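Quick look at final.json (JSON, C-alpha atoms):
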[["chain", "number", "residue", "atom", "x", "y", "z"],
["A", 15, "MET", "CA", 89.34, 106.02, 91.57],
["A", 16, "PHE", "CA", 86.03, 104.94, 90.08],
["A", 17, "SER", "CA", 85.58, 104.12, 86.43],
["A", 18, "ALA", "CA", 82.47, 105.78, 85.07],
["A", 19, "ARG", "CA", 79.44, 103.77, 84.05],
["A", 20, "LYS", "CA", 81.06, 100.95, 82.13],
["A", 21, "HIS", "CA", 80.37, 98.59, 85.04],
["A", 22, "PHE", "CA", 76.65, 99.37, 85.10],
["A", 23, "GLY", "CA", 74.64, 96.20, 84.83],
["A", 24, "ASP", "CA", 77.62, 93.84, 85.02],
["A", 25, "GLY", "CA", 76.95, 92.63, 88.55],
["A", 26, "HIS", "CA", 78.93, 89.81, 90.11],
["A", 27, "ASN", "CA", 78.14, 86.72, 88.08],
["A", 28, "THR", "CA", 78.67, 84.41, 91.03],
["A", 29, "MET", "CA", 76.24, 86.45, 93.06],
["A", 30, "ALA", "CA", 73.70, 86.67, 90.26],
["A", 31, "THR", "CA", 73.57, 82.89, 89.91],
["A", 32, "CYS", "CA", 72.68, 82.71, 93.60],
["A", 33, "ALA", "CA", 69.92, 85.31, 93.27],
["A", 34, "LEU", "CA", 66.82, 84.25, 95.12],
["A", 35, "SER", "CA", 63.53, 83.83, 93.32],
["A", 36, "SER", "CA", 60.68, 85.96, 94.58],
["A", 37, "ASP", "CA", 59.04, 82.86, 96.06],
["A", 38, "ALA", "CA", 62.23, 81.94, 97.91],
["A", 39, "GLU", "CA", 62.48, 85.46, 99.30],
["A", 40, "ASP", "CA", 58.98, 85.09, 100.72],
["A", 41, "GLU", "CA", 60.01, 82.00, 102.62],
["A", 42, "ILE", "CA", 63.10, 83.36, 104.39],
["A", 43, "ASN", "CA", 62.13, 83.19, 108.05],
["A", 44, "ASP", "CA", 58.57, 84.05, 106.99],
["A", 45, "PRO", "CA", 59.04, 87.80, 107.49],
["A", 46, "GLY", "CA", 55.34, 88.48, 107.03],
["A", 47, "ALA", "CA", 53.97, 91.72, 105.66],
["A", 48, "ALA", "CA", 55.26, 95.18, 106.55],
["A", 49, "PRO", "CA", 53.46, 97.71, 104.34],
["A", 50, "TYR", "CA", 56.25, 100.29, 104.72],
["A", 51, "GLY", "CA", 59.19, 97.87, 104.80],
["A", 52, "ASN", "CA", 59.43, 98.24, 108.57],
["A", 53, "PHE", "CA", 60.12, 94.57, 109.31],
["A", 54, "ILE", "CA", 60.70, 94.02, 113.02],
["A", 55, "ASN", "CA", 63.62, 91.59, 112.56],
["A", 56, "TYR", "CA", 64.77, 92.65, 109.10],
["A", 57, "TYR", "CA", 68.47, 91.97, 109.68],
["A", 58, "THR", "CA", 67.89, 88.35, 110.65],
["A", 59, "PHE", "CA", 66.93, 87.55, 107.04],
["A", 60, "ASN", "CA", 69.01, 90.21, 105.26],
["A", 61, "PRO", "CA", 72.11, 90.66, 107.46],
["A", 62, "PRO", "CA", 74.41, 93.68, 107.01],
["A", 63, "GLU", "CA", 77.12, 91.53, 105.44],
["A", 64, "ASN", "CA", 74.95, 91.10, 102.32],
["A", 65, "ARG", "CA", 75.72, 94.72, 101.46],
["A", 66, "LEU", "CA", 79.04, 95.25, 103.24],
["A", 67, "SER", "CA", 80.70, 92.47, 101.24],
["A", 68, "LEU", "CA", 80.20, 94.60, 98.12],
["A", 69, "ILE", "CA", 81.10, 98.04, 99.52],
["A", 70, "PRO", "CA", 84.84, 98.79, 99.76],
["A", 71, "ALA", "CA", 86.04, 99.72, 103.24],
["A", 72, "THR", "CA", 87.99, 102.55, 101.58],
["A", 73, "LEU", "CA", 84.88, 104.16, 100.08],
["A", 74, "LEU", "CA", 85.08, 107.44, 102.03],
["A", 75, "GLN", "CA", 88.77, 107.82, 101.27],
["A", 76, "ASP", "CA", 88.15, 106.98, 97.60],
["A", 77, "LEU", "CA", 85.57, 109.77, 97.49],
["A", 78, "GLY", "CA", 88.09, 112.22, 98.97],
["A", 79, "PHE", "CA", 86.90, 112.24, 102.58],
["A", 80, "SER", "CA", 89.76, 111.43, 104.93],
["A", 81, "ASP", "CA", 91.90, 113.12, 107.56],
["A", 82, "GLY", "CA", 92.75, 115.88, 105.10],
["A", 83, "HIS", "CA", 89.07, 116.73, 104.57],
["A", 84, "ASP", "CA", 87.97, 119.97, 106.21],
["A", 85, "GLY", "CA", 85.10, 119.69, 108.70],
["A", 86, "ALA", "CA", 82.98, 116.69, 109.55],
["A", 87, "THR", "CA", 82.11, 114.06, 106.97],
["A", 88, "LEU", "CA", 78.34, 113.50, 107.07],
["A", 89, "VAL", "CA", 76.66, 110.21, 106.14],
["A", 90, "LEU", "CA", 72.88, 109.72, 105.87],
["A", 91, "ASP", "CA", 71.14, 106.33, 106.14],
["A", 92, "VAL", "CA", 67.61, 106.48, 104.73],
["A", 93, "GLY", "CA", 65.14, 103.99, 106.22],
["A", 94, "CYS", "CA", 67.65, 102.66, 108.76],
["A", 95, "ASN", "CA", 65.21, 100.21, 110.43],
["A", 96, "SER", "CA", 66.65, 99.19, 113.83],
["A", 97, "GLY", "CA", 70.12, 100.47, 113.02],
["A", 98, "GLU", "CA", 72.22, 97.30, 112.73],
["A", 99, "LEU", "CA", 73.32, 98.09, 109.17],
["A", 100, "SER", "CA", 74.02, 101.73, 110.06],
["A", 101, "VAL", "CA", 76.39, 100.70, 112.85],
["A", 102, "ALA", "CA", 78.02, 97.91, 110.84],
["A", 103, "LEU", "CA", 78.52, 100.19, 107.85],
["A", 104, "TYR", "CA", 80.03, 102.93, 110.01],
["A", 105, "GLU", "CA", 82.48, 100.44, 111.54],
["A", 106, "HIS", "CA", 83.22, 99.08, 108.05],
["A", 107, "LEU", "CA", 83.98, 102.49, 106.54],
["A", 108, "VAL", "CA", 85.47, 104.46, 109.42],
["A", 109, "GLN", "CA", 88.69, 103.57, 111.20],
["A", 110, "GLU", "CA", 89.12, 104.45, 114.87],
["A", 111, "PRO", "CA", 91.28, 107.60, 114.40],
["A", 112, "GLU", "CA", 88.71, 109.12, 112.01],
["A", 113, "ARG", "CA", 85.59, 108.54, 114.12],
["A", 114, "ARG", "CA", 85.81, 111.95, 115.69],
["A", 115, "LYS", "CA", 85.23, 113.49, 112.24],
["A", 116, "VAL", "CA", 82.61, 111.23, 110.64],
["A", 117, "ARG", "CA", 78.97, 111.56, 111.67],
["A", 118, "LEU", "CA", 76.13, 109.28, 110.58],
["A", 119, "LEU", "CA", 72.45, 110.20, 110.79],
["A", 120, "GLY", "CA", 69.96, 107.36, 110.40],
["A", 121, "PHE", "CA", 66.20, 107.77, 110.18],
["A", 122, "ASP", "CA", 63.11, 105.63, 109.78],
["A", 123, "LEU", "CA", 59.37, 106.35, 109.87],
["A", 124, "ASP", "CA", 58.81, 103.57, 112.44],
["A", 125, "GLU", "CA", 59.33, 105.07, 115.90],
["A", 126, "THR", "CA", 59.53, 101.65, 117.57],
["A", 127, "LEU", "CA", 62.42, 100.64, 115.33],
["A", 128, "ILE", "CA", 64.15, 103.96, 115.99],
["A", 129, "GLN", "CA", 63.82, 103.42, 119.74],
["A", 130, "ARG", "CA", 65.51, 100.05, 119.32],
["A", 131, "ALA", "CA", 68.27, 101.66, 117.26],
["A", 132, "GLN", "CA", 68.81, 104.36, 119.86],
["A", 133, "GLN", "CA", 68.92, 101.92, 122.76],
["A", 134, "SER", "CA", 71.39, 99.54, 121.11],
["A", 135, "ASN", "CA", 73.60, 102.22, 119.53],
["A", 136, "PRO", "CA", 77.22, 101.59, 120.62],
["A", 137, "LEU", "CA", 78.57, 104.74, 118.94],
["A", 138, "ARG", "CA", 76.39, 107.51, 120.29],
["A", 139, "ASP", "CA", 79.07, 110.17, 119.83],
["A", 140, "SER", "CA", 79.18, 109.41, 116.11],
["A", 141, "ILE", "CA", 75.78, 107.96, 115.13],
["A", 142, "THR", "CA", 72.37, 109.55, 115.66],
["A", 143, "PHE", "CA", 68.96, 107.96, 114.99],
["A", 144, "ILE", "CA", 65.76, 109.96, 114.56],
["A", 145, "PRO", "CA", 62.15, 109.18, 113.56],
["A", 146, "LEU", "CA", 61.33, 110.80, 110.24],
["A", 147, "ASP", "CA", 58.97, 110.24, 107.30],
["A", 148, "ILE", "CA", 60.86, 111.86, 104.44],
["A", 149, "THR", "CA", 57.80, 111.76, 102.18],
["A", 150, "LYS", "CA", 56.17, 114.33, 104.46],
["A", 151, "ASP", "CA", 59.00, 116.49, 105.73],
["A", 152, "SER", "CA", 62.75, 116.86, 105.27],
["A", 153, "SER", "CA", 63.30, 119.92, 107.46],
["A", 154, "GLN", "CA", 65.08, 117.81, 110.11],
["A", 155, "LEU", "CA", 67.69, 116.90, 107.53],
["A", 156, "GLN", "CA", 68.24, 120.56, 106.73],
["A", 157, "ASP", "CA", 68.47, 121.34, 110.44],
["A", 158, "TYR", "CA", 71.12, 118.64, 110.87],
["A", 159, "LEU", "CA", 73.14, 120.01, 107.96],
["A", 160, "HIS", "CA", 72.84, 123.52, 109.37],
["A", 161, "GLN", "CA", 74.12, 122.32, 112.74],
["A", 162, "HIS", "CA", 77.23, 121.01, 111.02],
["A", 163, "SER", "CA", 77.58, 124.06, 108.74],
["A", 164, "CYS", "CA", 77.41, 121.87, 105.65],
["A", 165, "PRO", "CA", 75.16, 122.26, 102.59],
["A", 166, "HIS", "CA", 74.80, 118.52, 101.94],
["A", 167, "PHE", "CA", 75.56, 115.01, 103.17],
["A", 168, "HIS", "CA", 78.78, 113.74, 101.71],
["A", 169, "LEU", "CA", 77.33, 110.24, 101.32],
["A", 170, "CYS", "CA", 73.68, 109.19, 101.40],
["A", 171, "LEU", "CA", 72.62, 105.55, 101.58],
["A", 172, "CYS", "CA", 69.20, 104.56, 100.25],
["A", 173, "LEU", "CA", 69.13, 100.78, 100.48],
["A", 174, "ALA", "CA", 65.95, 98.82, 99.75],
["A", 175, "VAL", "CA", 63.69, 101.82, 100.40],
["A", 176, "THR", "CA", 62.49, 102.95, 96.97],
["A", 177, "MET", "CA", 59.92, 100.19, 96.50],
["A", 178, "TRP", "CA", 58.10, 100.98, 99.73],
["A", 179, "VAL", "CA", 57.82, 104.66, 98.88],
["A", 180, "HIS", "CA", 56.74, 103.75, 95.34],
["A", 181, "LEU", "CA", 54.02, 101.33, 96.48],
["A", 182, "ASN", "CA", 52.64, 103.70, 99.12],
["A", 183, "HIS", "CA", 52.99, 107.03, 97.30],
["A", 184, "GLY", "CA", 52.90, 106.16, 93.62],
["A", 185, "ASP", "CA", 55.14, 107.19, 90.74],
["A", 186, "SER", "CA", 55.26, 110.81, 91.87],
["A", 187, "GLY", "CA", 56.27, 109.75, 95.38],
["A", 188, "LEU", "CA", 59.19, 107.70, 94.06],
["A", 189, "LEU", "CA", 60.47, 110.51, 91.85],
["A", 190, "GLN", "CA", 60.05, 113.03, 94.66],
["A", 191, "LEU", "CA", 62.09, 110.82, 96.99],
["A", 192, "LEU", "CA", 64.95, 110.54, 94.50],
["A", 193, "SER", "CA", 64.89, 114.28, 93.84],
["A", 194, "ARG", "CA", 64.84, 115.09, 97.55],
["A", 195, "LEU", "CA", 67.77, 112.82, 98.32],
["A", 196, "ALA", "CA", 69.76, 114.18, 95.38],
["A", 197, "SER", "CA", 69.18, 117.72, 96.64],
["A", 198, "VAL", "CA", 70.82, 117.00, 100.01],
["A", 199, "SER", "CA", 73.57, 114.62, 98.87],
["A", 200, "GLN", "CA", 76.96, 114.90, 97.26],
["A", 201, "HIS", "CA", 77.07, 111.14, 96.68],
["A", 202, "LEU", "CA", 74.15, 108.71, 96.71],
["A", 203, "LEU", "CA", 74.52, 104.94, 97.13],
["A", 204, "LEU", "CA", 71.28, 103.44, 95.87],
["A", 205, "GLU", "CA", 69.82, 99.94, 96.06],
["A", 206, "ALA", "CA", 66.46, 99.90, 94.28],
["A", 207, "GLN", "CA", 64.38, 96.74, 94.63],
["A", 208, "PRO", "CA", 63.69, 95.04, 91.28],
["A", 209, "TRP", "CA", 60.13, 94.63, 90.05],
["A", 210, "LYS", "CA", 59.88, 91.01, 91.23],
["A", 211, "CYS", "CA", 60.10, 92.33, 94.81],
["A", 212, "TYR", "CA", 56.99, 94.45, 94.21],
["A", 213, "ARG", "CA", 55.05, 91.33, 93.31],
["A", 214, "SER", "CA", 56.39, 89.53, 96.39],
["A", 215, "ALA", "CA", 55.37, 92.39, 98.68],
["A", 216, "ALA", "CA", 51.86, 92.45, 97.23],
["A", 217, "ARG", "CA", 51.57, 88.68, 97.53],
["A", 218, "ARG", "CA", 52.56, 88.79, 101.21],
["A", 219, "LEU", "CA", 49.78, 91.28, 101.92],
["A", 220, "ARG", "CA", 47.22, 89.12, 100.14],
["A", 221, "LYS", "CA", 48.38, 86.03, 102.07],
["A", 222, "LEU", "CA", 47.41, 87.80, 105.28],
["A", 223, "GLY", "CA", 44.03, 88.80, 103.89],
["A", 224, "ARG", "CA", 44.92, 92.49, 103.72],
["A", 225, "SER", "CA", 44.06, 94.86, 100.91],
["A", 226, "ASP", "CA", 46.62, 95.50, 98.20],
["A", 227, "PHE", "CA", 48.89, 98.53, 98.09],
["A", 228, "ASP", "CA", 46.91, 101.55, 96.94],
["A", 229, "HIS", "CA", 49.14, 102.25, 93.93],
["A", 230, "PHE", "CA", 50.39, 98.79, 92.92],
["A", 231, "LYS", "CA", 48.05, 98.26, 89.96],
["A", 232, "THR", "CA", 48.29, 101.82, 88.65],
["A", 233, "LEU", "CA", 52.06, 102.31, 88.67],
["A", 234, "LYS", "CA", 53.41, 103.33, 85.28],
["A", 235, "ILE", "CA", 57.07, 103.10, 86.27],
["A", 236, "ARG", "CA", 57.77, 99.37, 85.98],
["A", 237, "GLY", "CA", 60.43, 96.99, 84.73],
["A", 238, "ASP", "CA", 64.10, 97.77, 85.40],
["A", 239, "MET", "CA", 63.73, 99.90, 88.51],
["A", 240, "ALA", "CA", 67.45, 100.58, 88.89],
["A", 241, "ASP", "CA", 67.56, 101.96, 85.36],
["A", 242, "HIS", "CA", 64.46, 104.11, 85.95],
["A", 243, "ALA", "CA", 66.12, 105.56, 89.05],
["A", 244, "ARG", "CA", 69.36, 106.19, 87.16],
["A", 245, "GLU", "CA", 67.54, 107.98, 84.35],
["A", 246, "HIS", "CA", 65.71, 110.29, 86.76],
["A", 247, "LEU", "CA", 68.81, 111.07, 88.82],
["A", 248, "GLU", "CA", 70.89, 111.84, 85.72],
["A", 249, "THR", "CA", 68.33, 113.74, 83.65],
["A", 250, "ARG", "CA", 66.41, 115.56, 86.40],
["A", 251, "CYS", "CA", 68.65, 115.77, 89.46],
["A", 252, "GLY", "CA", 72.11, 116.69, 88.20],
["A", 253, "MET", "CA", 73.75, 113.45, 89.29],
["A", 254, "GLU", "CA", 75.85, 110.92, 87.38],
["A", 255, "LEU", "CA", 76.44, 107.21, 87.86],
["A", 256, "ILE", "CA", 80.10, 106.64, 88.69],
["A", 257, "GLN", "CA", 80.20, 103.03, 89.90],
["A", 258, "SER", "CA", 78.27, 99.82, 90.28],
["A", 259, "PHE", "CA", 79.39, 97.60, 93.13],
["A", 260, "GLY", "CA", 77.65, 94.59, 91.63],
["A", 261, "SER", "CA", 74.54, 92.87, 92.95],
["A", 262, "THR", "CA", 73.56, 91.46, 96.31],
["A", 263, "ALA", "CA", 72.49, 87.85, 96.82],
["A", 264, "TRP", "CA", 68.95, 89.09, 96.19],
["A", 265, "ASP", "CA", 69.98, 90.40, 92.76],
["A", 266, "ARG", "CA", 69.80, 94.07, 93.73],
["A", 267, "LYS", "CA", 72.34, 96.45, 92.21],
["A", 268, "LEU", "CA", 74.34, 98.80, 94.41],
["A", 269, "LEU", "CA", 74.82, 101.98, 92.37],
["A", 270, "LEU", "CA", 76.90, 104.99, 93.36],
["A", 271, "PHE", "CA", 75.95, 108.43, 92.01],
["A", 272, "ARG", "CA", 77.78, 111.74, 92.33],
["A", 273, "ARG", "CA", 76.55, 115.29, 92.10],
["A", 274, "ARG", "CA", 77.87, 116.83, 88.88]]
Take the structure in the file and give it back as structure tokens.
Amino acid sequence: MFSARKHFGDGHNTMATCALSSDAEDEINDPGAAPYGNFINYYTFNPPENRLSLIPATLLQDLGFSDGHDGATLVLDVGCNSGELSVALYEHLVQEPERRKVRLLGFDLDETLIQRAQQSNPLRDSITFIPLDITKDSSQLQDYLHQHSCPHFHLCLCLAVTMWVHLNHGDSGLLQLLSRLASVSQHLLLEAQPWKCYRSAARRLRKLGRSDFDHFKTLKIRGDMADHAREHLETRCGMELIQSFGSTAWDRKLLLFRRR
């Protein structure tokens, strides 16, 4: 199955050499500023394939969730935007015969994006989208788990979300997010934006003449954000890093954690 942490930090060298500079990221289709990461056309400049090319299609089976698994397999997509990645990931991971047993719940704080996700959802029997701000309330997640008689999500995806919570809610908000996700997840696939992305996000706001993020200048958690997240998850949340799937074209590590 997965080798433990020996792959942490290796990345895919060919991908790393193509990593975009923060200035180049700013220029991709001029995405503008979205203070909570709720870009209207996010998947036009970061298409699902950027992540799916790194995630094995056999991931659920590798984790022990297949036809022999009792009950439904539950997947959570945190900050799902307009749902394109949620749908593409589901189709990537779940073969047709298994779709009756795998359920994906996607949520985002932007209700307009969730409406788009709901309207364009081609797999309504298997995928559900709801509006939710997890920094304020997670009771809907518990309700969903209760409906499926399961204590946790078997796989939780938190892709390019941590920075936005960090910038808007400070160090404590970031750590609370990680702790909350760990508490409802058996496995957590995490993509934490590197520090250069923080600077890019702040620069985009300033370009539009808007005030800076409230917490940007006072954050004490800085530097290697993936390693900060790993340390918190392992020392405070009872999780362990079991695999790195390398880095995306934007030089962001995809790290898989498991509840001990």
What are the nearest atom pairs, with distances in Å to one decimal, for all residues of range 86-179 of chain A that come at most 10 Å from range 69-72 of chain A, using all atoms listed in the file, set out by chain and rising residue number as a Markdown table?
| residue | atom | partner | partner_atom | distance |
| --- | --- | --- | --- | --- |
| A:Leu103 | CA | A:Ala71 | CA | 8.8 |
| A:Tyr104 | CA | A:Ala71 | CA | 9.6 |
| A:Glu105 | CA | A:Ala71 | CA | 9.1 |
| A:His106 | CA | A:Ala71 | CA | 5.6 |
| A:Leu107 | CA | A:Ala71 | CA | 4.8 |
| A:Val108 | CA | A:Ala71 | CA | 7.8 |
| A:Gln109 | CA | A:Ala71 | CA | 9.2 |
Shell of 10 Å around Asp124 in chain A, all atoms listed in the file, local chain residues under 6 positions omitted, as an MDAnalysis selection string = chainID A and resid 50:54 93:96 144:147
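With distances taken over all atoms listed in the file, A:Val92 is the one residue among A:Leu77, A:Ala131, A:Val101, A:Val92 lying closest to Val175 in chain A.
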Nearest to Arg217 in chain A, restricted to only C-alpha atoms and choosing among A:His180, A:Lys115, A:Phe230, A:Glu254, comes out as A:Phe230
Please return, as a PyMOL selection string, all polymer residues that have at least one atom within 7 Å of the point (80.0, 114.9, 86.7); use only C-alpha atoms and the file's own coordinate frame.
-> chain A and resi 253-254+272-274
Choose the residue, out of A:Ser80, A:Gln200, A:Gln133, A:Ser258, that has the smallest atom-to-atom separation from Cys164 in chain A; count only C-alpha atoms.
->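 Smallest separation from Cys164 in chain A among the options: A:Gln200.
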Which of these residues is nearest to Leu189 in chain A, using all atoms listed in the file: A:Thr149, A:Asn135, A:Phe59, A:His201?
-> A:Thr149
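In terms of minimum interatomic distance to Ser152 in chain A, A:Leu123 ranks closest within A:Val116, A:Leu203, A:Leu123, A:Val89, counting only C-alpha atoms.
Our summary of the geometry notes that CA of Glu112 in chain A is positioned 26.4 Å from CA of Glu205 in chain A.
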Between A:Leu137, A:Leu191, A:Ala240, A:Ala48, smallest distance to Leu255 in chain A by all atoms listed in the file belongs to A:Ala240
Between CA of Asp91 in chain A and CA of Leu155 in chain A, what is the distance, to one decimal in Å?
-> 11.2 Å
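Taking CA of Leu269 in chain A and CA of Ala243 in chain A as the two end points, the separation is 10.0 Å.
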Sel. within 10 Å of pt (71.2, 115.2, 99.6), counting all atoms listed in the file, output as a list of chain:residue names = A:Val89, A:Leu90, A:Leu155, A:Gln156, A:Leu159, A:Pro165, A:His166, A:Phe167, A:His168, A:Leu169, A:Cys170, A:Leu171, A:Leu192, A:Ser193, A:Arg194, A:Leu195, A:Ala196, A:Ser197, A:Val198, A:Ser199, A:Gln200, A:His201, A:Leu202, A:Arg273
Would you compute an axis-aligned box for range 125-129 of chain A, covering every atom listed for it in the file with 5 Å of margin on each side, and report centre and edge lengths in Å to one decimal as JSON?
{"center_x": 61.7, "center_y": 102.9, "center_z": 117.5, "size_x": 14.8, "size_y": 14.4, "size_z": 14.4}
Output: range 170-184 of chain A of the preceding structure, restricted to N, CA, C and O atoms, written as a PDB file, in the first residue's frame.
ATOM      1  N   CYS A 170     -11.410  12.848   3.353  1.00  0.00           N
ATOM      2  CA  CYS A 170     -11.709  14.278   3.312  1.00  0.00           C
ATOM      3  C   CYS A 170     -10.670  14.959   2.435  1.00  0.00           C
ATOM      4  O   CYS A 170      -9.468  14.708   2.576  1.00  0.00           O
ATOM      5  N   LEU A 171     -11.133  15.817   1.532  1.00  0.00           N
ATOM      6  CA  LEU A 171     -10.257  16.570   0.648  1.00  0.00           C
ATOM      7  C   LEU A 171     -10.270  18.030   1.074  1.00  0.00           C
ATOM      8  O   LEU A 171     -11.334  18.649   1.158  1.00  0.00           O
ATOM      9  N   CYS A 172      -9.106  18.570   1.347  1.00  0.00           N
ATOM     10  CA  CYS A 172      -8.980  19.994   1.676  1.00  0.00           C
ATOM     11  C   CYS A 172      -7.899  20.560   0.765  1.00  0.00           C
ATOM     12  O   CYS A 172      -6.713  20.534   1.088  1.00  0.00           O
ATOM     13  N   LEU A 173      -8.326  21.026  -0.404  1.00  0.00           N
ATOM     14  CA  LEU A 173      -7.403  21.413  -1.465  1.00  0.00           C
ATOM     15  C   LEU A 173      -7.434  22.927  -1.675  1.00  0.00           C
ATOM     16  O   LEU A 173      -8.450  23.487  -2.069  1.00  0.00           O
ATOM     17  N   ALA A 174      -6.309  23.566  -1.394  1.00  0.00           N
ATOM     18  CA  ALA A 174      -6.158  25.013  -1.597  1.00  0.00           C
ATOM     19  C   ALA A 174      -7.195  25.816  -0.818  1.00  0.00           C
ATOM     20  O   ALA A 174      -7.760  26.780  -1.322  1.00  0.00           O
ATOM     21  N   VAL A 175      -7.412  25.430   0.431  1.00  0.00           N
ATOM     22  CA  VAL A 175      -8.380  26.116   1.302  1.00  0.00           C
ATOM     23  C   VAL A 175      -7.691  26.756   2.504  1.00  0.00           C
ATOM     24  O   VAL A 175      -8.098  27.821   2.969  1.00  0.00           O
ATOM     25  N   THR A 176      -6.631  26.132   2.998  1.00  0.00           N
ATOM     26  CA  THR A 176      -6.034  26.555   4.274  1.00  0.00           C
ATOM     27  C   THR A 176      -5.610  28.020   4.278  1.00  0.00           C
ATOM     28  O   THR A 176      -5.784  28.710   5.285  1.00  0.00           O
ATOM     29  N   MET A 177      -5.054  28.501   3.176  1.00  0.00           N
ATOM     30  CA  MET A 177      -4.574  29.886   3.155  1.00  0.00           C
ATOM     31  C   MET A 177      -5.703  30.875   3.397  1.00  0.00           C
ATOM     32  O   MET A 177      -5.530  31.873   4.121  1.00  0.00           O
ATOM     33  N   TRP A 178      -6.862  30.619   2.769  1.00  0.00           N
ATOM     34  CA  TRP A 178      -7.968  31.568   2.891  1.00  0.00           C
ATOM     35  C   TRP A 178      -8.508  31.620   4.310  1.00  0.00           C
ATOM     36  O   TRP A 178      -8.842  32.700   4.816  1.00  0.00           O
ATOM     37  N   VAL A 179      -8.565  30.481   4.961  1.00  0.00           N
ATOM     38  CA  VAL A 179      -8.985  30.462   6.362  1.00  0.00           C
ATOM     39  C   VAL A 179      -7.930  31.159   7.220  1.00  0.00           C
ATOM     40  O   VAL A 179      -8.255  31.951   8.118  1.00  0.00           O
ATOM     41  N   HIS A 180      -6.668  30.907   6.933  1.00  0.00           N
ATOM     42  CA  HIS A 180      -5.567  31.496   7.687  1.00  0.00           C
ATOM     43  C   HIS A 180      -5.577  33.021   7.577  1.00  0.00           C
ATOM     44  O   HIS A 180      -5.454  33.744   8.580  1.00  0.00           O
ATOM     45  N   LEU A 181      -5.730  33.538   6.345  1.00  0.00           N
ATOM     46  CA  LEU A 181      -5.707  34.981   6.130  1.00  0.00           C
ATOM     47  C   LEU A 181      -6.907  35.687   6.762  1.00  0.00           C
ATOM     48  O   LEU A 181      -6.799  36.823   7.226  1.00  0.00           O
ATOM     49  N   ASN A 182      -8.057  35.018   6.770  1.00  0.00           N
ATOM     50  CA  ASN A 182      -9.274  35.645   7.272  1.00  0.00           C
ATOM     51  C   ASN A 182      -9.546  35.389   8.748  1.00  0.00           C
ATOM     52  O   ASN A 182     -10.294  36.147   9.375  1.00  0.00           O
ATOM     53  N   HIS A 183      -8.927  34.353   9.312  1.00  0.00           N
ATOM     54  CA  HIS A 183      -9.227  33.997  10.707  1.00  0.00           C
ATOM     55  C   HIS A 183      -7.977  33.813  11.564  1.00  0.00           C
ATOM     56  O   HIS A 183      -8.087  33.419  12.720  1.00  0.00           O
ATOM     57  N   GLY A 184      -6.819  34.097  11.000  1.00  0.00           N
ATOM     58  CA  GLY A 184      -5.598  34.086  11.790  1.00  0.00           C
ATOM     59  C   GLY A 184      -5.064  32.689  12.079  1.00  0.00           C
ATOM     60  O   GLY A 184      -5.590  31.674  11.620  1.00  0.00           O
TER      61      GLY A 184
END
